[in-house]
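Peer 1: Sharing a structure with you now.
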Protein chains: 2
Amino acid sequence: MTDPKQSSGEDTLIARYFRPLATDPGAFGLVDDAAILRAGGDEIVVTADAIVEGVHFLADDPPDTIARKALRVNLSDLAAKGALPAGFVLTLALRAHDDGWLAPVARALGEDASLFGCPLLGGDTVSTPGPLMISVAAFGRVAPGKMVRRGGAASGDLIVVTGTIGDAALGLAILKGGAVATALAQDAAASRLLVDRYRVPQPRNVLAEAVRDHASAAMDVSDGLAGDLAKLCAASQVSAVIDSKSVPLSAAAATALARGAVGIEAIVSGGDDYEILCAIPEAHFAAFAQAAGLAGVAVTSIGTVTAGVSAPRFLDAQGREIALKRLSYSHF
Amino acid sequence: MTDPKQSSGEDTLIARYFRPLATDPGAFGLVDDAAILRAGGDEIVVTADAIVEGVHFLADDPPDTIARKALRVNLSDLAAKGALPAGFVLTLALRAHDDGWLAPVARALGEDASLFGCPLLGGDTVSTPGPLMISVAAFGRVAPGKMVRRGGAASGDLIVVTGTIGDAALGLAILKGGAVATALAQDAAASRLLVDRYRVPQPRNVLAEAVRDHASAAMDVSDGLAGDLAKLCAASQVSAVIDSKSVPLSAAAATALARGAVGIEAIVSGGDDYEILCAIPEAHFAAFAQAAGLAGVAVTSIGTVTAGVSAPRFLDAQGREIALKRLSYSHF
C-alpha cells in the first residue's frame with residue numbers, strides 16, 4: 001500500500017523498531033501526530049528526564065542498558081510519587097541510523113515497557129551531529145489529590161530509603177578506573193554488581209502504592225542522598241538527622257568502604273541511586289515495611305525528621321557531624 | 001531558608017528562569033519531581049517534538065525564536081488534532097549556563113505559554129558537550145473520542161490548508177544564501193517575512209475547535225505538504241488530486257516563484273510550514289471557512305480526496321502531474 005516515495009528513512013526506523021512497542025490503543029500504532037492518554041477518574045502525573053552520552057551514560061555502555069536507564073529514571077520518579085505507570089513518549093537524537101544500536105535499544109525498551117506496564121505512546125526521532133540523547137516524558141495515574149509531594153514531612157517522621165545507597169556511584173568509579181576499581185580488582189562479582197547498578201537502575205514501582213498510602217513526603221534519589229534529602233527537607237520546611245552507619249550498603253559497597261577505597265561522604269553524595277527516599281510517620285512504618293517485604297524490596301529507616309530549617313545533618317558512629325563538601329551532582 | 005550548600009547551579013538556573021513560567025498549580029512551582037495534569041472529563045492528547053541546533057535551527061538564530069519554535073511545533077500538533085493546550089514539559093540540553101541565552105529563551109517561552117494558554121509543567125535541564133537541543137512534550141485536552149486522526153478522510157472530501165505554504169523553506173534558503181536570497185535581494189521586507197516564517201511558526205491553535213468540529217482527518221504540515229499529504233492519505237486509505245496553482249502562497253513566495261528562484265516542487269516538499277492540512281467534507285466547508293474567517297486565518301481548498309491508494313498527485317495548470325523527486329524532509 002505504501003508507495004516507496006512516501007516512506008522516509010525516519011518512518012522506516014519508527015515502523016521497524018518502535019511500532020511493535022506501541023501496544024496501547026492510545027498510541028494509534030505511532031501513525032498519528034499525537035497519542036491519547038485516558039485519565040479515567042485519575043490525575044495524570046507527568047515527569048521528564050533525559051540522558052546524554054558522556055554525561056549520564058558512557059559511549060561504550062551496552063545499548064540495551066542505555067535504553068533501560070532512559071526509561072527507568074523516569075519510572076523511578078513515578079514510583080516515588082505513588083503513581084502507577086501509564087505510558088511514555090520517547091525522543092531520540094541520533095547521529096545515524098545504526099541498526100546494531102537501534103535493535104537492542106528497541107528490544108530493551110519493549111521489555112521494560114511490558115515489565116513496568118508503561119507502554120510507548122509516541123515521540124520523535126531527530127538527527128544530531130552531537131552526542132546521543134534520549135529524552136523521555138513519562139506519565140502515571142494517581143487518584144485525585146494523592147500524588148506524594150516532596151513537601152509534607154513532619155518533625156518526628158522517620159527518614160526511610162529503599163534498597164542500597166552508593167552502588168551506582170561506585171559502579172561509575174569502577175568504569176573510570178582508580179581506587180575503587182583497584183580495591184575490588186580481585187572481586188569480579190562485586191565489581192559487576194556495582195557497574196550494573198550504575199547502568200541499569202531498579203526503580204521501585206512495586207512500592208508505589210505503599211508510598212502513596214504511608215509516606216508523608218517522597219522523592220527518588222537521583223542526584224545523591226544528601227542533596228536530595230536537603231531538597232525534601234527544604235520543600236517540607238523541616239530538617240533531619242541521619243545516622244550514617246544506618247545507610248544501607250550492598251556487600252560490594254561495604255567492602256569498598258572497609259578497604260578505604262571510598263568514604264561515606266562519596267556514598268551519600270553520589271548520584272544515580274534511583275531508590276525512594278521518603279518520610280514515614282512512625283505509626284505507619286510497620287505497615288510500610290510489611291508492604292515492602294511482601295514486594296521483596298528492603299527498606300531502612302536511616303534517621304528522623306527534626307524541626308527547623310537547617311540543612312540535614314549526617315552523624316558518624318560517634319555522633320559527630322560529617323562534613324560534606326558537596327551534597328549531590330549538578331550539571332552546571 | 002535555603003542553605004547555600006543545598007543549591008546547585010541547576011537549581012539556581014531553574015529557579016531564576018523557569019519557575020516564573022510554572023504558573024499552573026499542577027506544576028508545583030517546579031519544586032517537585034513531577035507535575036499533575038488534571039484531565040477533568042477529557043482525554044489527554046500527548047505529542048513530542050525536539051529541535052536540534054544545526055538541524056532544526058541555526059546556531060546564530062536569535063534565542064527567543066529558537067524557544068518559540070520548540071514550543072510552537074508542538075502546539076501545531078495539538079491544533080491539528082483539535083485539542084486545546086493544557087501544558088508542556090521542557091527538556092533543555094545545554095553546553096553551559098549562559099545567561100545571555102537563557103534569559104531571552106525563558107522570556108519567550110513565558111510569553112508563548114501565556115499567548116497559547118499552555119503553561120510549563122516541568123522538565124529537565126542537562127549538560128551536553130554537543131549541540132543545543134530543546135525537547136518538548138505538550139499536552140492538550142479533547143472530549144473523549146474527539147481527537148481528529150490522520151485516518152478518516154473519505155473520497156470527495158476537500159483537501160484544505162491553512163495560511164500559506166513554502167515560506168519557511170524559502171526562509172531557510174535565504175539564510176543559507178543562493179538563488180532565493182539573490183532573487184529577493186532588493187526586497188528586504190519579503191526576505192524578512194520568509195525568514196521569520198522559518199524561525200517562528202504560527203501554529204493555528206485558534207482553529208482547533210473548528211478542526212475538531214468539521215475535519216474528517218487532519219495533521220500539521222511539518223515535513224512538507226506533499227509528504228505529509230501522502231501520510232494522511234495512507235492513514236485514511238485514500239488518494240488525492242491537488243491543483244498546484246491553488247496552493248496558497250505568500251506574496252514573497254509568489255515573487256520568488258515568478259522570478260524562477262524556486263520551483264513549485266520545492267515549495268510543496270519544503271518543511272517547517274506548521275500549517276494545518278485537513279480533509280473537510282464538502283458540506284462542512286462553508287462552516288469551516290466561516291470559523292476560520294472569524295479567527296482571522298486564511299483557509300484554502302487545494303484539491304479533493306479520491307478513491308484508491310496511489311500516492312496523491314499534484315497537477316500543474318495544464319492538468320499534468322508534477323514529478324516530485326522527494327516529498328518531504330527526512331532525518332535519516
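Ligands are numbered from 1 in the order shown, chains are lettered A, B, ... in the order of the C-alpha cells, and residues start at 1 in each chain.
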Can I have chain B aligned to chain A? Use a least-squares fit on all Cα atoms paired in order and write it out as an mmCIF file with C-alpha atoms, in the first residue's frame.

Peer 2:
```cif
data_model
loop_
_atom_site.group_PDB
_atom_site.id
_atom_site.type_symbol
_atom_site.label_atom_id
_atom_site.label_comp_id
_atom_site.auth_asym_id
_atom_site.auth_seq_id
_atom_site.Cartn_x
_atom_site.Cartn_y
_atom_site.Cartn_z
ATOM 1 C CA MET B 1 -0.042 -0.011 0.002
ATOM 2 C CA THR B 2 2.806 2.324 0.778
ATOM 3 C CA ASP B 3 4.412 3.863 -2.248
ATOM 4 C CA PRO B 4 8.200 3.723 -1.741
ATOM 5 C CA LYS B 5 8.339 7.469 -2.380
ATOM 6 C CA GLN B 6 6.138 8.056 0.663
ATOM 7 C CA SER B 7 8.425 6.255 3.040
ATOM 8 C CA SER B 8 11.299 8.198 4.555
ATOM 9 C CA GLY B 9 14.173 6.670 6.483
ATOM 10 C CA GLU B 10 12.683 8.104 9.626
ATOM 11 C CA ASP B 11 9.337 6.407 9.001
ATOM 12 C CA THR B 12 11.087 3.121 8.297
ATOM 13 C CA LEU B 13 13.063 3.399 11.518
ATOM 14 C CA ILE B 14 9.915 4.070 13.537
ATOM 15 C CA ALA B 15 7.959 1.301 11.840
ATOM 16 C CA ARG B 16 10.698 -1.273 12.267
ATOM 17 C CA TYR B 17 11.817 -0.584 15.817
ATOM 18 C CA PHE B 18 9.178 1.320 17.707
ATOM 19 C CA ARG B 19 5.755 0.463 16.274
ATOM 20 C CA PRO B 20 5.911 -3.021 17.874
ATOM 21 C CA LEU B 21 6.239 -1.297 21.267
ATOM 22 C CA ALA B 22 3.202 0.913 20.783
ATOM 23 C CA THR B 23 0.780 -1.642 22.202
ATOM 24 C CA ASP B 24 -1.531 0.839 23.902
ATOM 25 C CA PRO B 25 -4.614 1.696 21.823
ATOM 26 C CA GLY B 26 -3.965 5.376 22.592
ATOM 27 C CA ALA B 27 -0.661 5.159 20.707
ATOM 28 C CA PHE B 28 -2.500 4.536 17.396
ATOM 29 C CA GLY B 29 0.447 2.409 16.259
ATOM 30 C CA LEU B 30 2.563 5.588 16.063
ATOM 31 C CA VAL B 31 0.932 6.526 12.746
ATOM 32 C CA ASP B 32 -0.665 9.704 14.050
ATOM 33 C CA ASP B 33 0.850 13.000 15.231
ATOM 34 C CA ALA B 34 -0.241 12.522 18.811
ATOM 35 C CA ALA B 35 -1.377 9.915 21.298
ATOM 36 C CA ILE B 36 -4.325 9.725 23.646
ATOM 37 C CA LEU B 37 -3.867 9.197 27.356
ATOM 38 C CA ARG B 38 -7.081 8.277 29.133
ATOM 39 C CA ALA B 39 -7.160 9.535 32.682
ATOM 40 C CA GLY B 40 -10.389 7.907 33.805
ATOM 41 C CA GLY B 41 -11.066 9.505 37.155
ATOM 42 C CA ASP B 42 -7.364 9.829 37.938
ATOM 43 C CA GLU B 43 -4.937 12.692 37.753
ATOM 44 C CA ILE B 44 -2.008 12.347 35.359
ATOM 45 C CA VAL B 45 1.438 12.593 36.921
ATOM 46 C CA VAL B 46 3.984 13.932 34.402
ATOM 47 C CA THR B 47 7.760 13.684 34.672
ATOM 48 C CA ALA B 48 10.609 14.230 32.204
ATOM 49 C CA ASP B 49 14.239 13.155 32.342
ATOM 50 C CA ALA B 50 16.850 12.981 29.645
ATOM 51 C CA ILE B 51 20.154 11.149 29.438
ATOM 52 C CA VAL B 52 23.106 12.282 27.351
ATOM 53 C CA GLU B 53 26.067 10.261 26.077
ATOM 54 C CA GLY B 54 29.197 11.111 28.021
ATOM 55 C CA VAL B 55 27.164 12.715 30.817
ATOM 56 C CA HIS B 56 24.603 10.147 32.033
ATOM 57 C CA PHE B 57 25.968 7.131 30.231
ATOM 58 C CA LEU B 58 29.205 6.175 28.580
ATOM 59 C CA ALA B 59 29.634 5.809 24.835
ATOM 60 C CA ASP B 60 30.565 2.142 25.193
ATOM 61 C CA ASP B 61 27.770 1.200 27.606
ATOM 62 C CA PRO B 62 25.726 -1.629 26.064
ATOM 63 C CA PRO B 63 22.825 -0.092 24.093
ATOM 64 C CA ASP B 64 20.190 -2.114 25.927
ATOM 65 C CA THR B 65 21.372 -0.704 29.268
ATOM 66 C CA ILE B 66 21.241 2.860 27.927
ATOM 67 C CA ALA B 67 17.648 2.331 26.819
ATOM 68 C CA ARG B 68 16.616 0.824 30.131
ATOM 69 C CA LYS B 69 18.243 3.660 32.044
ATOM 70 C CA ALA B 70 16.426 6.297 29.974
ATOM 71 C CA LEU B 71 13.043 4.820 30.804
ATOM 72 C CA ARG B 72 13.803 3.696 34.343
ATOM 73 C CA VAL B 73 14.992 7.066 35.647
ATOM 74 C CA ASN B 74 11.515 8.307 34.761
ATOM 75 C CA LEU B 75 9.746 5.257 36.198
ATOM 76 C CA SER B 76 11.621 5.942 39.419
ATOM 77 C CA ASP B 77 10.028 9.396 39.630
ATOM 78 C CA LEU B 78 6.572 7.914 39.152
ATOM 79 C CA ALA B 79 7.216 5.326 41.880
ATOM 80 C CA ALA B 80 8.310 7.984 44.362
ATOM 81 C CA LYS B 81 5.167 9.987 43.647
ATOM 82 C CA GLY B 82 2.923 6.999 44.387
ATOM 83 C CA ALA B 83 1.708 6.860 40.783
ATOM 84 C CA LEU B 84 1.144 3.816 38.596
ATOM 85 C CA PRO B 85 2.819 3.945 35.156
ATOM 86 C CA ALA B 86 0.519 4.889 32.276
ATOM 87 C CA GLY B 87 2.894 5.345 29.342
ATOM 88 C CA PHE B 88 5.807 7.350 27.962
ATOM 89 C CA VAL B 89 6.939 9.356 24.966
ATOM 90 C CA LEU B 90 10.470 8.962 23.663
ATOM 91 C CA THR B 91 12.647 11.486 21.859
ATOM 92 C CA LEU B 92 15.786 10.024 20.311
ATOM 93 C CA ALA B 93 18.568 12.230 18.981
ATOM 94 C CA LEU B 94 20.808 10.014 16.852
ATOM 95 C CA ARG B 95 23.902 10.599 14.771
ATOM 96 C CA ALA B 96 22.916 7.939 12.260
ATOM 97 C CA HIS B 97 20.508 5.117 11.585
ATOM 98 C CA ASP B 98 22.547 2.310 13.161
ATOM 99 C CA ASP B 99 20.656 -0.981 13.274
ATOM 100 C CA GLY B 100 23.244 -2.516 15.577
ATOM 101 C CA TRP B 101 22.394 0.113 18.165
ATOM 102 C CA LEU B 102 18.683 0.551 17.497
ATOM 103 C CA ALA B 103 17.706 -3.115 17.613
ATOM 104 C CA PRO B 104 18.849 -3.782 21.196
ATOM 105 C CA VAL B 105 17.554 -0.356 22.293
ATOM 106 C CA ALA B 106 14.070 -1.079 20.971
ATOM 107 C CA ARG B 107 14.092 -4.633 22.356
ATOM 108 C CA ALA B 108 15.107 -3.444 25.830
ATOM 109 C CA LEU B 109 12.542 -0.638 25.826
ATOM 110 C CA GLY B 110 9.857 -3.093 24.819
ATOM 111 C CA GLU B 111 10.835 -5.475 27.608
ATOM 112 C CA ASP B 112 10.826 -2.712 30.212
ATOM 113 C CA ALA B 113 7.563 -1.271 28.900
ATOM 114 C CA SER B 114 5.984 -4.685 29.482
ATOM 115 C CA LEU B 115 7.726 -5.305 32.794
ATOM 116 C CA PHE B 116 6.619 -1.989 34.265
ATOM 117 C CA GLY B 117 3.281 -1.701 32.471
ATOM 118 C CA CYS B 118 4.337 1.544 30.803
ATOM 119 C CA PRO B 119 3.663 1.459 27.047
ATOM 120 C CA LEU B 120 5.294 3.654 24.418
ATOM 121 C CA LEU B 121 2.768 6.292 23.313
ATOM 122 C CA GLY B 122 4.759 8.358 20.832
ATOM 123 C CA GLY B 123 7.793 10.533 20.411
ATOM 124 C CA ASP B 124 10.212 11.989 17.954
ATOM 125 C CA THR B 125 13.364 10.833 16.212
ATOM 126 C CA VAL B 126 15.802 13.510 15.146
ATOM 127 C CA SER B 127 19.313 13.588 13.788
ATOM 128 C CA THR B 128 22.115 15.270 15.686
ATOM 129 C CA PRO B 129 25.767 15.866 14.861
ATOM 130 C CA GLY B 130 26.507 15.566 18.586
ATOM 131 C CA PRO B 131 26.202 13.051 21.398
ATOM 132 C CA LEU B 132 23.324 10.599 21.544
ATOM 133 C CA MET B 133 20.509 11.780 23.731
ATOM 134 C CA ILE B 134 17.388 10.015 24.907
ATOM 135 C CA SER B 135 14.680 12.222 26.328
ATOM 136 C CA VAL B 136 11.658 10.620 27.967
ATOM 137 C CA ALA B 137 8.463 12.081 29.367
ATOM 138 C CA ALA B 138 6.572 9.513 31.417
ATOM 139 C CA PHE B 139 3.020 9.541 32.694
ATOM 140 C CA GLY B 140 1.420 7.937 35.686
ATOM 141 C CA ARG B 141 -2.046 7.773 37.176
ATOM 142 C CA VAL B 142 -2.933 8.595 40.749
ATOM 143 C CA ALA B 143 -6.244 9.210 42.491
ATOM 144 C CA PRO B 144 -7.030 12.943 42.693
ATOM 145 C CA GLY B 145 -4.993 14.679 45.389
ATOM 146 C CA LYS B 146 -2.988 11.557 46.214
ATOM 147 C CA MET B 147 0.334 12.314 44.503
ATOM 148 C CA VAL B 148 3.024 12.188 47.183
ATOM 149 C CA ARG B 149 4.833 15.507 47.288
ATOM 150 C CA ARG B 150 8.311 16.493 48.451
ATOM 151 C CA GLY B 151 6.664 18.741 50.992
ATOM 152 C CA GLY B 152 4.719 17.102 53.794
ATOM 153 C CA ALA B 153 7.437 15.618 56.018
ATOM 154 C CA ALA B 154 6.792 16.464 59.683
ATOM 155 C CA SER B 155 9.054 16.527 62.713
ATOM 156 C CA GLY B 156 9.264 13.029 64.176
ATOM 157 C CA ASP B 157 8.702 11.185 60.885
ATOM 158 C CA LEU B 158 11.236 8.510 60.041
ATOM 159 C CA ILE B 159 13.532 9.029 57.061
ATOM 160 C CA VAL B 160 13.423 5.835 55.030
ATOM 161 C CA VAL B 161 15.242 4.656 51.913
ATOM 162 C CA THR B 162 14.671 1.626 49.731
ATOM 163 C CA GLY B 163 17.402 -0.755 48.569
ATOM 164 C CA THR B 164 21.032 0.262 48.978
ATOM 165 C CA ILE B 165 22.785 3.602 48.520
ATOM 166 C CA GLY B 166 26.000 4.463 46.688
ATOM 167 C CA ASP B 167 26.274 1.450 44.409
ATOM 168 C CA ALA B 168 25.798 3.345 41.164
ATOM 169 C CA ALA B 169 28.390 5.994 42.018
ATOM 170 C CA LEU B 170 30.865 3.199 42.833
ATOM 171 C CA GLY B 171 29.971 1.454 39.587
ATOM 172 C CA LEU B 172 30.789 4.613 37.646
ATOM 173 C CA ALA B 173 34.045 4.928 39.614
ATOM 174 C CA ILE B 174 34.952 1.381 38.581
ATOM 175 C CA LEU B 175 34.265 2.132 34.912
ATOM 176 C CA LYS B 176 36.528 5.177 35.201
ATOM 177 C CA GLY B 177 39.300 3.164 36.906
ATOM 178 C CA GLY B 178 41.015 4.393 40.084
ATOM 179 C CA ALA B 179 40.856 3.460 43.759
ATOM 180 C CA VAL B 180 37.522 1.630 43.772
ATOM 181 C CA ALA B 181 38.448 -0.449 40.743
ATOM 182 C CA THR B 182 41.737 -1.363 42.389
ATOM 183 C CA ALA B 183 40.129 -2.227 45.737
ATOM 184 C CA LEU B 184 37.701 -4.613 44.067
ATOM 185 C CA ALA B 185 40.026 -5.878 41.345
ATOM 186 C CA GLN B 186 39.991 -9.397 42.794
ATOM 187 C CA ASP B 187 36.236 -9.425 43.248
ATOM 188 C CA ALA B 188 34.659 -9.588 39.800
ATOM 189 C CA ALA B 189 31.143 -10.286 41.094
ATOM 190 C CA ALA B 190 31.129 -7.224 43.354
ATOM 191 C CA SER B 191 32.494 -5.019 40.578
ATOM 192 C CA ARG B 192 29.913 -6.309 38.138
ATOM 193 C CA LEU B 193 27.065 -5.696 40.595
ATOM 194 C CA LEU B 194 28.136 -2.082 41.108
ATOM 195 C CA VAL B 195 28.538 -1.438 37.380
ATOM 196 C CA ASP B 196 25.126 -2.985 36.736
ATOM 197 C CA ARG B 197 23.630 -0.688 39.359
ATOM 198 C CA TYR B 198 25.116 2.301 37.503
ATOM 199 C CA ARG B 199 23.940 1.159 34.114
ATOM 200 C CA VAL B 200 20.514 -0.256 34.928
ATOM 201 C CA PRO B 201 18.577 1.336 37.794
ATOM 202 C CA GLN B 202 15.982 -0.759 39.597
ATOM 203 C CA PRO B 203 13.071 1.634 40.051
ATOM 204 C CA ARG B 204 10.821 0.694 42.940
ATOM 205 C CA ASN B 205 7.489 0.859 41.157
ATOM 206 C CA VAL B 206 6.266 -2.160 43.124
ATOM 207 C CA LEU B 207 6.254 0.143 46.147
ATOM 208 C CA ALA B 208 4.226 2.972 44.594
ATOM 209 C CA GLU B 209 1.011 2.086 46.384
ATOM 210 C CA ALA B 210 2.764 1.661 49.734
ATOM 211 C CA VAL B 211 4.423 5.065 49.288
ATOM 212 C CA ARG B 212 1.069 6.604 48.392
ATOM 213 C CA ASP B 213 -0.586 5.047 51.444
ATOM 214 C CA HIS B 214 2.119 5.670 54.047
ATOM 215 C CA ALA B 215 4.626 8.386 53.101
ATOM 216 C CA SER B 216 4.169 11.998 54.202
ATOM 217 C CA ALA B 217 6.755 13.091 51.610
ATOM 218 C CA ALA B 218 8.822 11.292 48.988
ATOM 219 C CA MET B 219 11.189 11.686 46.062
ATOM 220 C CA ASP B 220 13.615 9.442 44.273
ATOM 221 C CA VAL B 221 17.338 9.589 44.986
ATOM 222 C CA SER B 222 18.837 10.553 41.654
ATOM 223 C CA ASP B 223 21.456 13.216 42.371
ATOM 224 C CA GLY B 224 22.780 11.905 45.698
ATOM 225 C CA LEU B 225 21.127 11.037 49.019
ATOM 226 C CA ALA B 226 22.448 14.066 50.909
ATOM 227 C CA GLY B 227 21.431 16.605 48.314
ATOM 228 C CA ASP B 228 18.069 15.028 47.613
ATOM 229 C CA LEU B 229 17.290 14.819 51.341
ATOM 230 C CA ALA B 230 18.152 18.511 51.611
ATOM 231 C CA LYS B 231 15.617 19.214 48.846
ATOM 232 C CA LEU B 232 12.926 17.126 50.538
ATOM 233 C CA CYS B 233 13.570 18.894 53.857
ATOM 234 C CA ALA B 234 13.544 22.342 52.223
ATOM 235 C CA ALA B 235 10.234 21.604 50.490
ATOM 236 C CA SER B 236 8.796 20.363 53.804
ATOM 237 C CA GLN B 237 10.358 23.224 55.821
ATOM 238 C CA VAL B 238 11.971 20.761 58.210
ATOM 239 C CA SER B 239 15.432 19.420 58.946
ATOM 240 C CA ALA B 240 16.674 15.873 59.596
ATOM 241 C CA VAL B 241 19.327 13.913 61.434
ATOM 242 C CA ILE B 242 20.761 10.869 59.694
ATOM 243 C CA ASP B 243 22.672 8.059 61.351
ATOM 244 C CA SER B 244 25.253 7.413 58.644
ATOM 245 C CA LYS B 245 26.012 3.861 59.767
ATOM 246 C CA SER B 246 22.324 3.034 59.179
ATOM 247 C CA VAL B 247 22.583 3.970 55.497
ATOM 248 C CA PRO B 248 22.037 0.622 53.758
ATOM 249 C CA LEU B 249 25.023 -0.579 51.742
ATOM 250 C CA SER B 250 25.422 -3.529 49.434
ATOM 251 C CA ALA B 251 28.110 -6.014 50.401
ATOM 252 C CA ALA B 252 30.160 -4.710 47.485
ATOM 253 C CA ALA B 253 29.895 -1.103 48.657
ATOM 254 C CA ALA B 254 30.625 -2.129 52.252
ATOM 255 C CA THR B 255 33.772 -3.873 51.033
ATOM 256 C CA ALA B 256 34.933 -0.817 49.109
ATOM 257 C CA LEU B 257 34.285 1.309 52.197
ATOM 258 C CA ALA B 258 36.086 -1.126 54.526
ATOM 259 C CA ARG B 259 39.113 -1.182 52.227
ATOM 260 C CA GLY B 260 39.302 2.614 52.286
ATOM 261 C CA ALA B 261 38.694 2.979 48.551
ATOM 262 C CA VAL B 262 35.771 5.297 49.192
ATOM 263 C CA GLY B 263 34.430 7.343 52.101
ATOM 264 C CA ILE B 264 30.885 7.570 53.376
ATOM 265 C CA GLU B 265 30.768 11.156 52.054
ATOM 266 C CA ALA B 266 31.095 9.942 48.476
ATOM 267 C CA ILE B 267 28.478 7.264 49.063
ATOM 268 C CA VAL B 268 25.821 9.638 50.398
ATOM 269 C CA SER B 269 26.527 12.300 47.789
ATOM 270 C CA GLY B 270 26.974 10.052 44.750
ATOM 271 C CA GLY B 271 24.192 10.062 42.205
ATOM 272 C CA ASP B 272 22.181 7.568 40.177
ATOM 273 C CA ASP B 273 20.780 5.510 43.064
ATOM 274 C CA TYR B 274 17.165 5.635 41.873
ATOM 275 C CA GLU B 275 15.942 4.456 45.239
ATOM 276 C CA ILE B 276 12.971 6.023 47.012
ATOM 277 C CA LEU B 277 13.667 8.468 49.824
ATOM 278 C CA CYS B 278 10.610 9.127 51.957
ATOM 279 C CA ALA B 279 9.359 10.372 55.279
ATOM 280 C CA ILE B 280 7.118 7.886 57.067
ATOM 281 C CA PRO B 281 5.152 8.789 60.188
ATOM 282 C CA GLU B 282 6.327 6.415 62.916
ATOM 283 C CA ALA B 283 2.876 4.872 63.295
ATOM 284 C CA HIS B 284 2.962 3.900 59.611
ATOM 285 C CA PHE B 285 6.436 2.391 59.494
ATOM 286 C CA ALA B 286 5.478 -1.191 60.369
ATOM 287 C CA ALA B 287 2.786 -1.274 57.680
ATOM 288 C CA PHE B 288 5.150 0.297 55.127
ATOM 289 C CA ALA B 289 7.909 -2.181 55.960
ATOM 290 C CA GLN B 290 5.473 -5.072 55.722
ATOM 291 C CA ALA B 291 4.261 -3.951 52.276
ATOM 292 C CA ALA B 292 7.878 -3.571 51.170
ATOM 293 C CA GLY B 293 8.716 -7.041 52.491
ATOM 294 C CA LEU B 294 5.844 -8.549 50.522
ATOM 295 C CA ALA B 295 7.133 -6.738 47.422
ATOM 296 C CA GLY B 296 10.652 -8.028 48.037
ATOM 297 C CA VAL B 297 12.213 -4.601 48.494
ATOM 298 C CA ALA B 298 14.386 -3.775 51.501
ATOM 299 C CA VAL B 299 13.515 -0.571 53.325
ATOM 300 C CA THR B 300 15.684 1.014 56.008
ATOM 301 C CA SER B 301 15.011 3.774 58.480
ATOM 302 C CA ILE B 302 18.143 5.933 58.465
ATOM 303 C CA GLY B 303 17.116 8.880 60.616
ATOM 304 C CA THR B 304 14.451 11.244 61.811
ATOM 305 C CA VAL B 305 12.829 14.447 60.627
ATOM 306 C CA THR B 306 13.502 17.312 63.025
ATOM 307 C CA ALA B 307 12.098 20.791 63.422
ATOM 308 C CA GLY B 308 13.986 23.719 61.958
ATOM 309 C CA VAL B 309 15.186 24.654 58.515
ATOM 310 C CA SER B 310 18.925 24.000 58.766
ATOM 311 C CA ALA B 311 20.466 21.513 56.340
ATOM 312 C CA PRO B 312 20.069 17.835 57.294
ATOM 313 C CA ARG B 313 22.993 16.504 59.350
ATOM 314 C CA PHE B 314 24.734 13.197 58.742
ATOM 315 C CA LEU B 315 26.247 11.838 61.990
ATOM 316 C CA ASP B 316 29.076 9.314 62.277
ATOM 317 C CA ALA B 317 29.240 6.379 64.751
ATOM 318 C CA GLN B 318 30.418 8.779 67.459
ATOM 319 C CA GLY B 319 27.524 11.164 66.864
ATOM 320 C CA ARG B 320 29.744 13.785 65.213
ATOM 321 C CA GLU B 321 28.500 15.609 62.129
ATOM 322 C CA ILE B 322 30.166 14.508 58.916
ATOM 323 C CA ALA B 323 31.306 17.425 56.785
ATOM 324 C CA LEU B 324 29.987 17.047 53.236
ATOM 325 C CA LYS B 325 31.846 19.087 50.645
ATOM 326 C CA ARG B 326 29.164 18.607 48.053
ATOM 327 C CA LEU B 327 25.726 17.162 48.531
ATOM 328 C CA SER B 328 24.940 15.921 45.072
ATOM 329 C CA TYR B 329 25.660 16.082 41.391
ATOM 330 C CA SER B 330 24.840 19.250 39.470
ATOM 331 C CA HIS B 331 25.038 19.741 35.727
ATOM 332 C CA PHE B 332 26.094 23.393 35.976
#
```

Peer 1: Hey, what does DSSP flag as strand (DSSP E or B) within range 193-304 of chain B? Can you give it to me as JSON, numbers by chain?

Peer 2: {"B": [217, 218, 219, 220, 221, 239, 240, 241, 242, 243, 275, 276, 277, 278, 279, 280, 299, 300, 301, 302, 303, 304]}

Peer 1: Restrict the selected residues to C-alpha atoms and save them as an mmCIF file, in the first residue's frame.

Peer 2:
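Done, and the output landed in result-v4.cif:
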```cif
data_model
loop_
_atom_site.group_PDB
_atom_site.id
_atom_site.type_symbol
_atom_site.label_atom_id
_atom_site.label_comp_id
_atom_site.auth_asym_id
_atom_site.auth_seq_id
_atom_site.Cartn_x
_atom_site.Cartn_y
_atom_site.Cartn_z
ATOM 1 C CA ALA B 217 -8.839 13.913 9.086
ATOM 2 C CA ALA B 218 -6.059 16.346 9.945
ATOM 3 C CA MET B 219 -2.366 16.745 10.665
ATOM 4 C CA ASP B 220 0.051 19.623 10.692
ATOM 5 C CA VAL B 221 2.387 20.269 7.775
ATOM 6 C CA SER B 239 -5.624 9.141 -2.579
ATOM 7 C CA ALA B 240 -5.923 12.812 -3.571
ATOM 8 C CA VAL B 241 -5.570 15.166 -6.502
ATOM 9 C CA ILE B 242 -4.101 18.589 -5.818
ATOM 10 C CA ASP B 243 -4.376 21.614 -8.070
ATOM 11 C CA GLU B 275 0.025 24.911 8.889
ATOM 12 C CA ILE B 276 -2.938 22.567 9.275
ATOM 13 C CA LEU B 277 -3.647 20.120 6.468
ATOM 14 C CA CYS B 278 -7.109 18.609 6.707
ATOM 15 C CA ALA B 279 -9.854 16.840 4.839
ATOM 16 C CA ILE B 280 -13.210 18.594 5.088
ATOM 17 C CA VAL B 299 -8.035 28.566 4.620
ATOM 18 C CA THR B 300 -7.767 27.299 1.050
ATOM 19 C CA SER B 301 -9.201 24.264 -0.656
ATOM 20 C CA ILE B 302 -6.384 22.883 -2.806
ATOM 21 C CA GLY B 303 -7.834 19.612 -4.056
ATOM 22 C CA THR B 304 -10.024 16.613 -3.484
#
```

Peer 1: So which residues of range 105-224 of chain B fall under alpha helix (DSSP H) by DSSP, listed as a VMD selection string?

Peer 2: chain B and resid 105 to 116 167 to 175 179 to 183 188 to 199 208 to 214
